[in-house]
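Everything below belongs to structure-v8.cif, which stores mmCIF, C-alpha atoms.
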data_data
loop_
_atom_site.group_PDB
_atom_site.id
_atom_site.type_symbol
_atom_site.label_atom_id
_atom_site.label_comp_id
_atom_site.auth_asym_id
_atom_site.auth_seq_id
_atom_site.Cartn_x
_atom_site.Cartn_y
_atom_site.Cartn_z
ATOM 1 C CA MET A 1 26.029 5.425 4.828
ATOM 2 C CA SER A 2 23.779 3.280 2.635
ATOM 3 C CA ALA A 3 20.037 3.312 2.265
ATOM 4 C CA VAL A 4 18.124 0.068 2.501
ATOM 5 C CA GLU A 5 14.866 -0.080 0.578
ATOM 6 C CA THR A 6 12.029 -1.870 2.337
ATOM 7 C CA THR A 7 8.717 -2.941 0.921
ATOM 8 C CA THR A 8 5.525 -2.965 2.949
ATOM 9 C CA LEU A 9 3.044 -5.526 1.710
ATOM 10 C CA ILE A 10 0.064 -4.001 3.542
ATOM 11 C CA PRO A 11 0.256 -0.218 3.793
ATOM 12 C CA THR A 12 0.766 1.206 7.277
ATOM 13 C CA GLY A 13 -2.396 1.948 9.195
ATOM 14 C CA THR A 14 -5.485 0.222 10.506
ATOM 15 C CA TRP A 15 -7.944 -1.210 8.010
ATOM 16 C CA ALA A 16 -11.525 -2.120 9.058
ATOM 17 C CA VAL A 17 -13.130 -5.078 7.289
ATOM 18 C CA ASP A 18 -16.218 -3.963 5.368
ATOM 19 C CA PRO A 19 -18.885 -6.669 5.942
ATOM 20 C CA VAL A 20 -20.943 -5.463 2.970
ATOM 21 C CA HIS A 21 -18.101 -6.120 0.519
ATOM 22 C CA THR A 22 -16.487 -9.120 2.265
ATOM 23 C CA THR A 23 -17.365 -12.816 2.142
ATOM 24 C CA ILE A 24 -16.270 -15.357 4.754
ATOM 25 C CA GLY A 25 -16.972 -18.857 3.474
ATOM 26 C CA PHE A 26 -16.315 -22.455 4.380
ATOM 27 C CA GLN A 27 -16.526 -25.955 3.018
ATOM 28 C CA VAL A 28 -16.730 -28.924 5.374
ATOM 29 C CA VAL A 29 -15.778 -32.364 4.102
ATOM 30 C CA ASP A 30 -16.788 -35.251 6.396
ATOM 31 C CA THR A 31 -15.264 -38.552 5.312
ATOM 32 C CA ASP A 32 -16.070 -40.580 8.421
ATOM 33 C CA GLU A 33 -19.771 -41.424 8.543
ATOM 34 C CA LEU A 34 -21.533 -39.037 6.211
ATOM 35 C CA PHE A 35 -19.182 -38.780 3.235
ATOM 36 C CA SER A 36 -20.624 -35.361 2.583
ATOM 37 C CA THR A 37 -19.570 -31.856 1.687
ATOM 38 C CA ILE A 38 -21.278 -28.751 3.045
ATOM 39 C CA ASN A 39 -20.664 -25.267 1.651
ATOM 40 C CA GLY A 40 -21.614 -22.175 3.594
ATOM 41 C CA ARG A 41 -20.782 -18.679 4.725
ATOM 42 C CA PHE A 42 -21.115 -16.356 7.683
ATOM 43 C CA THR A 43 -23.021 -13.109 7.281
ATOM 44 C CA GLU A 44 -22.070 -11.269 10.502
ATOM 45 C CA PHE A 45 -18.434 -10.586 11.350
ATOM 46 C CA ASP A 46 -15.922 -7.838 11.919
ATOM 47 C CA GLY A 47 -12.199 -7.576 11.567
ATOM 48 C CA ARG A 48 -9.135 -5.380 11.515
ATOM 49 C CA VAL A 49 -5.899 -5.449 9.568
ATOM 50 C CA GLN A 50 -2.912 -3.604 10.974
ATOM 51 C CA GLY A 51 -0.566 -2.759 8.119
ATOM 52 C CA GLY A 52 3.079 -1.808 8.125
ATOM 53 C CA PRO A 53 6.331 -3.697 8.584
ATOM 54 C CA ASP A 54 4.791 -6.118 11.132
ATOM 55 C CA PRO A 55 1.216 -6.670 9.886
ATOM 56 C CA LYS A 56 -1.471 -8.310 12.027
ATOM 57 C CA LEU A 57 -4.944 -9.601 11.201
ATOM 58 C CA ALA A 58 -7.810 -10.286 13.597
ATOM 59 C CA GLY A 59 -11.505 -10.951 13.291
ATOM 60 C CA THR A 60 -14.624 -12.256 14.956
ATOM 61 C CA ILE A 61 -17.495 -14.210 13.388
ATOM 62 C CA ARG A 62 -20.991 -14.472 14.910
ATOM 63 C CA VAL A 63 -21.766 -18.224 14.849
ATOM 64 C CA ALA A 64 -25.539 -17.692 14.591
ATOM 65 C CA SER A 65 -24.996 -15.987 11.216
ATOM 66 C CA LEU A 66 -24.001 -19.307 9.585
ATOM 67 C CA ARG A 67 -25.816 -19.908 6.286
ATOM 68 C CA THR A 68 -25.766 -23.008 4.045
ATOM 69 C CA ASP A 69 -29.018 -22.227 2.183
ATOM 70 C CA ASN A 70 -30.846 -24.933 4.152
ATOM 71 C CA GLU A 71 -32.590 -23.695 7.309
ATOM 72 C CA GLN A 72 -32.834 -27.146 8.925
ATOM 73 C CA ARG A 73 -29.113 -27.828 8.401
ATOM 74 C CA ASP A 74 -28.209 -24.307 9.593
ATOM 75 C CA ALA A 75 -30.159 -24.858 12.822
ATOM 76 C CA HIS A 76 -28.382 -28.190 13.354
ATOM 77 C CA LEU A 77 -24.913 -26.731 12.686
ATOM 78 C CA ILE A 78 -25.360 -23.897 15.214
ATOM 79 C CA SER A 79 -26.917 -26.280 17.783
ATOM 80 C CA PRO A 80 -24.955 -27.773 20.714
ATOM 81 C CA ASP A 81 -24.301 -30.839 18.497
ATOM 82 C CA PHE A 82 -21.778 -28.789 16.476
ATOM 83 C CA LEU A 83 -20.928 -25.113 17.012
ATOM 84 C CA GLY A 84 -23.116 -24.394 20.056
ATOM 85 C CA ALA A 85 -23.974 -20.791 19.198
ATOM 86 C CA GLU A 86 -25.791 -20.180 22.489
ATOM 87 C CA THR A 87 -22.782 -21.020 24.666
ATOM 88 C CA HIS A 88 -20.053 -20.170 22.115
ATOM 89 C CA PRO A 89 -21.482 -17.245 20.120
ATOM 90 C CA GLU A 90 -18.250 -16.272 18.373
ATOM 91 C CA ILE A 91 -15.399 -17.745 16.373
ATOM 92 C CA SER A 92 -12.247 -15.639 16.521
ATOM 93 C CA PHE A 93 -9.051 -15.396 14.508
ATOM 94 C CA GLU A 94 -5.779 -13.726 15.405
ATOM 95 C CA SER A 95 -2.634 -13.854 13.317
ATOM 96 C CA THR A 96 0.660 -14.881 14.885
ATOM 97 C CA ALA A 97 2.808 -14.109 11.827
ATOM 98 C CA VAL A 98 2.469 -12.677 8.326
ATOM 99 C CA GLU A 99 5.163 -13.722 5.881
ATOM 100 C CA PRO A 100 5.622 -12.245 2.386
ATOM 101 C CA LEU A 101 5.817 -14.876 -0.366
ATOM 102 C CA GLY A 102 6.751 -12.536 -3.193
ATOM 103 C CA ASP A 103 4.832 -10.163 -5.432
ATOM 104 C CA ASP A 104 1.353 -9.699 -3.989
ATOM 105 C CA ARG A 105 1.182 -12.993 -2.068
ATOM 106 C CA PHE A 106 1.645 -13.654 1.638
ATOM 107 C CA LEU A 107 1.180 -16.362 4.240
ATOM 108 C CA VAL A 108 -0.859 -15.709 7.369
ATOM 109 C CA LEU A 109 -0.238 -17.975 10.346
ATOM 110 C CA GLY A 110 -2.675 -17.729 13.214
ATOM 111 C CA ASN A 111 -5.095 -19.196 15.699
ATOM 112 C CA LEU A 112 -8.742 -19.798 14.871
ATOM 113 C CA THR A 113 -10.704 -20.353 18.068
ATOM 114 C CA VAL A 114 -13.882 -22.439 17.774
ATOM 115 C CA LYS A 115 -15.790 -23.395 20.935
ATOM 116 C CA GLU A 116 -12.826 -22.185 23.024
ATOM 117 C CA ASN A 117 -10.501 -24.576 21.146
ATOM 118 C CA PRO A 118 -7.666 -22.942 19.206
ATOM 119 C CA PHE A 119 -6.730 -24.394 15.835
ATOM 120 C CA GLU A 120 -3.478 -23.384 14.185
ATOM 121 C CA VAL A 121 -4.253 -22.327 10.632
ATOM 122 C CA GLU A 122 -2.159 -21.322 7.680
ATOM 123 C CA LEU A 123 -3.841 -19.048 5.147
ATOM 124 C CA ARG A 124 -2.399 -18.352 1.734
ATOM 125 C CA ALA A 125 -3.348 -14.830 0.763
ATOM 126 C CA ARG A 126 -3.085 -12.505 -2.213
ATOM 127 C CA ILE A 127 -3.517 -8.744 -2.447
ATOM 128 C CA ARG A 128 -6.088 -7.967 -5.165
ATOM 129 C CA GLY A 129 -5.823 -4.221 -4.959
ATOM 130 C CA ILE A 130 -5.041 -1.154 -2.887
ATOM 131 C CA GLY A 131 -6.385 2.232 -3.810
ATOM 132 C CA ARG A 132 -8.833 5.051 -3.395
ATOM 133 C CA ARG A 133 -12.411 4.661 -4.609
ATOM 134 C CA LYS A 134 -14.359 7.425 -6.338
ATOM 135 C CA LEU A 135 -16.173 7.994 -3.040
ATOM 136 C CA GLY A 136 -12.817 8.948 -1.499
ATOM 137 C CA ASP A 137 -12.216 6.047 0.882
ATOM 138 C CA GLU A 138 -9.003 4.040 0.635
ATOM 139 C CA ARG A 139 -9.491 0.276 0.162
ATOM 140 C CA LEU A 140 -7.424 -2.857 0.660
ATOM 141 C CA VAL A 141 -8.755 -5.969 -1.109
ATOM 142 C CA PHE A 142 -7.317 -9.457 -0.616
ATOM 143 C CA ASP A 143 -8.251 -13.149 -0.736
ATOM 144 C CA ALA A 144 -7.196 -15.855 1.725
ATOM 145 C CA GLN A 145 -7.645 -19.636 1.778
ATOM 146 C CA GLY A 146 -6.658 -22.349 4.231
ATOM 147 C CA SER A 147 -7.906 -25.412 6.068
ATOM 148 C CA PHE A 148 -7.806 -27.227 9.389
ATOM 149 C CA GLU A 149 -8.828 -30.626 10.727
ATOM 150 C CA TRP A 150 -11.735 -30.797 13.185
ATOM 151 C CA GLY A 151 -12.413 -34.358 14.282
ATOM 152 C CA THR A 152 -13.285 -36.416 11.216
ATOM 153 C CA THR A 153 -13.776 -33.346 9.063
ATOM 154 C CA THR A 154 -11.591 -31.040 7.043
ATOM 155 C CA VAL A 155 -12.771 -27.442 7.180
ATOM 156 C CA GLU A 156 -11.666 -25.271 4.285
ATOM 157 C CA VAL A 157 -11.883 -21.539 4.927
ATOM 158 C CA THR A 158 -12.060 -18.812 2.286
ATOM 159 C CA ALA A 159 -12.180 -15.060 2.682
ATOM 160 C CA ALA A 160 -12.609 -12.363 0.062
ATOM 161 C CA VAL A 161 -11.865 -9.256 2.112
ATOM 162 C CA SER A 162 -12.447 -5.591 1.420
ATOM 163 C CA ALA A 163 -11.207 -3.242 4.139
ATOM 164 C CA THR A 164 -11.298 0.529 4.520
ATOM 165 C CA ARG A 165 -8.427 2.542 5.993
ATOM 166 C CA GLU A 166 -9.436 4.067 9.322
ATOM 167 C CA GLY A 167 -8.609 7.602 10.355
#

Go ahead and render the structure in this file as structure tokens.
Amino acid sequence: MSAVETTTLIPTGTWAVDPVHTTIGFQVVDTDELFSTINGRFTEFDGRVQGGPDPKLAGTIRVASLRTDNEQRDAHLISPDFLGAETHPEISFESTAVEPLGDDRFLVLGNLTVKENPFEVELRARIRGIGRRKLGDERLVFDAQGSFEWGTTTVEVTAAVSATREG
């Protein structure tokens, strides 16, 4: 009988995204009419990471929390012209696969749903740390980046995630 050693990239358990120590950002590049770039972030969101041999990631963003540091532009972006926060208050993400790339890096494949339209996204991610803080809670910290096409724009997504082990 032989033993097979397995490595778990994300430790087993459920990890809750900490919105105070997490940043969900975006950059929109419109090359059709405006030839412009807009940088922004969302300030209200939640998420879960299920660790173990078959990890899963999921999260929800409140559209009305969009911030680009320009109130007039923010109002326009959450209006029915773009994201339609009143009729589509949330953007959701759910992973379909998580593939180790070696060392502390992994690929997250999933569906990002915006205005009830799913977009397949591929996020390249890297574990920044796993450990127990002085306050006693266990933390998982990772970054993820990816992009998707939305009409004439390319939307680049970035996440710097800090999550706390539940239970």

Calculated over only C-alpha atoms, which of the candidates A:Asp104, A:Glu44, A:Glu116, A:Glu149 has the smallest distance to Leu66 (chain A)?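 Nearest to Leu66 (chain A): A:Glu44.
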
Need the neighbours of (-10.7, 3.3, 5.6): which residues are at most 6 Å away, counting only C-alpha atoms, as an MDAnalysis selection string? chainID A and resid 15 137:138 164:166

Hey, what comes out of the PyMOL selection byres ((chain A and resi 81-92) around 12) on this file? Could you write it as a ChimeraX atom specification? /A:24,42,44-48,57-66,73-80,93-95,110-121,150-151,153

Serialized selection, C-alpha atoms, as a PDB file, in the frame of the given file:
ATOM      1  CA  ILE A  24     -16.270 -15.357   4.754  1.00  0.00           C
ATOM      2  CA  PHE A  42     -21.115 -16.356   7.683  1.00  0.00           C
ATOM      3  CA  GLU A  44     -22.070 -11.269  10.502  1.00  0.00           C
ATOM      4  CA  PHE A  45     -18.434 -10.586  11.350  1.00  0.00           C
ATOM      5  CA  ASP A  46     -15.922  -7.838  11.919  1.00  0.00           C
ATOM      6  CA  GLY A  47     -12.199  -7.576  11.567  1.00  0.00           C
ATOM      7  CA  ARG A  48      -9.135  -5.380  11.515  1.00  0.00           C
ATOM      8  CA  LEU A  57      -4.944  -9.601  11.201  1.00  0.00           C
ATOM      9  CA  ALA A  58      -7.810 -10.286  13.597  1.00  0.00           C
ATOM     10  CA  GLY A  59     -11.505 -10.951  13.291  1.00  0.00           C
ATOM     11  CA  THR A  60     -14.624 -12.256  14.956  1.00  0.00           C
ATOM     12  CA  ILE A  61     -17.495 -14.210  13.388  1.00  0.00           C
ATOM     13  CA  ARG A  62     -20.991 -14.472  14.910  1.00  0.00           C
ATOM     14  CA  VAL A  63     -21.766 -18.224  14.849  1.00  0.00           C
ATOM     15  CA  ALA A  64     -25.539 -17.692  14.591  1.00  0.00           C
ATOM     16  CA  SER A  65     -24.996 -15.987  11.216  1.00  0.00           C
ATOM     17  CA  LEU A  66     -24.001 -19.307   9.585  1.00  0.00           C
ATOM     18  CA  ARG A  73     -29.113 -27.828   8.401  1.00  0.00           C
ATOM     19  CA  ASP A  74     -28.209 -24.307   9.593  1.00  0.00           C
ATOM     20  CA  ALA A  75     -30.159 -24.858  12.822  1.00  0.00           C
ATOM     21  CA  HIS A  76     -28.382 -28.190  13.354  1.00  0.00           C
ATOM     22  CA  LEU A  77     -24.913 -26.731  12.686  1.00  0.00           C
ATOM     23  CA  ILE A  78     -25.360 -23.897  15.214  1.00  0.00           C
ATOM     24  CA  SER A  79     -26.917 -26.280  17.783  1.00  0.00           C
ATOM     25  CA  PRO A  80     -24.955 -27.773  20.714  1.00  0.00           C
ATOM     26  CA  PHE A  93      -9.051 -15.396  14.508  1.00  0.00           C
ATOM     27  CA  GLU A  94      -5.779 -13.726  15.405  1.00  0.00           C
ATOM     28  CA  SER A  95      -2.634 -13.854  13.317  1.00  0.00           C
ATOM     29  CA  GLY A 110      -2.675 -17.729  13.214  1.00  0.00           C
ATOM     30  CA  ASN A 111      -5.095 -19.196  15.699  1.00  0.00           C
ATOM     31  CA  LEU A 112      -8.742 -19.798  14.871  1.00  0.00           C
ATOM     32  CA  THR A 113     -10.704 -20.353  18.068  1.00  0.00           C
ATOM     33  CA  VAL A 114     -13.882 -22.439  17.774  1.00  0.00           C
ATOM     34  CA  LYS A 115     -15.790 -23.395  20.935  1.00  0.00           C
ATOM     35  CA  GLU A 116     -12.826 -22.185  23.024  1.00  0.00           C
ATOM     36  CA  ASN A 117     -10.501 -24.576  21.146  1.00  0.00           C
ATOM     37  CA  PRO A 118      -7.666 -22.942  19.206  1.00  0.00           C
ATOM     38  CA  PHE A 119      -6.730 -24.394  15.835  1.00  0.00           C
ATOM     39  CA  GLU A 120      -3.478 -23.384  14.185  1.00  0.00           C
ATOM     40  CA  VAL A 121      -4.253 -22.327  10.632  1.00  0.00           C
ATOM     41  CA  TRP A 150     -11.735 -30.797  13.185  1.00  0.00           C
ATOM     42  CA  GLY A 151     -12.413 -34.358  14.282  1.00  0.00           C
ATOM     43  CA  THR A 153     -13.776 -33.346   9.063  1.00  0.00           C
TER      44      THR A 153
END

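Residue nearest His21 (chain A) within the list A:Thr154, A:Phe106, A:Gln72, A:Ala160: A:Ala160 [criterion: smallest interatomic distance, only C-alpha atoms].
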
Pick from A:Thr8, A:Thr23, A:Thr43, A:Gln50, whichever lies nearest to Val161 (chain A) using all atoms listed in the file: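 Answer, going by the shortest atom-to-atom distance: A:Thr23.
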
Suppose you want the space between CA of Gly102 (chain A) and CA of Val49 (chain A); what is it in Å? 19.3 Å

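What separates CA of Thr12 (chain A) from CA of Ala159 (chain A) is a distance of 21.3 Å.
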
Which neighbours of Ala144 (chain A) fall inside 6 Å, counting all atoms listed in the file, when residues of the same chain fewer than 4 positions from it are skipped, and could you give them as JSON, numbers by chain? {"A": [123, 124, 125, 158, 159]}

Running the PyMOL selection byres ((chain A and resi 98-100) around 8) on this model by hand, what would come out? Give it as a list in words. Leu9, Asp54, Pro55, Lys56, Ser95, Thr96, Ala97, Leu101, Gly102, Arg105, Phe106, Leu107, Val108 and Leu109 of chain A

Between CA of Gln27 (chain A) and CA of Ile130 (chain A) - distance in Å to one decimal: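 Computing it gives 28.0 Å between the two atoms.
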
Using the file's own x, y and z axes, so that the box edges lie along x, y and z, what centre and edge lengths in Å (one decimal) does a box around every listed atom of region 49-62 of chain A get when 8 Å is added on each side? Give it as AutoDock Vina command-line options.
--center_x -7.3 --center_y -8.1 --center_z 11.5 --size_x 43.3 --size_y 28.7 --size_z 22.8
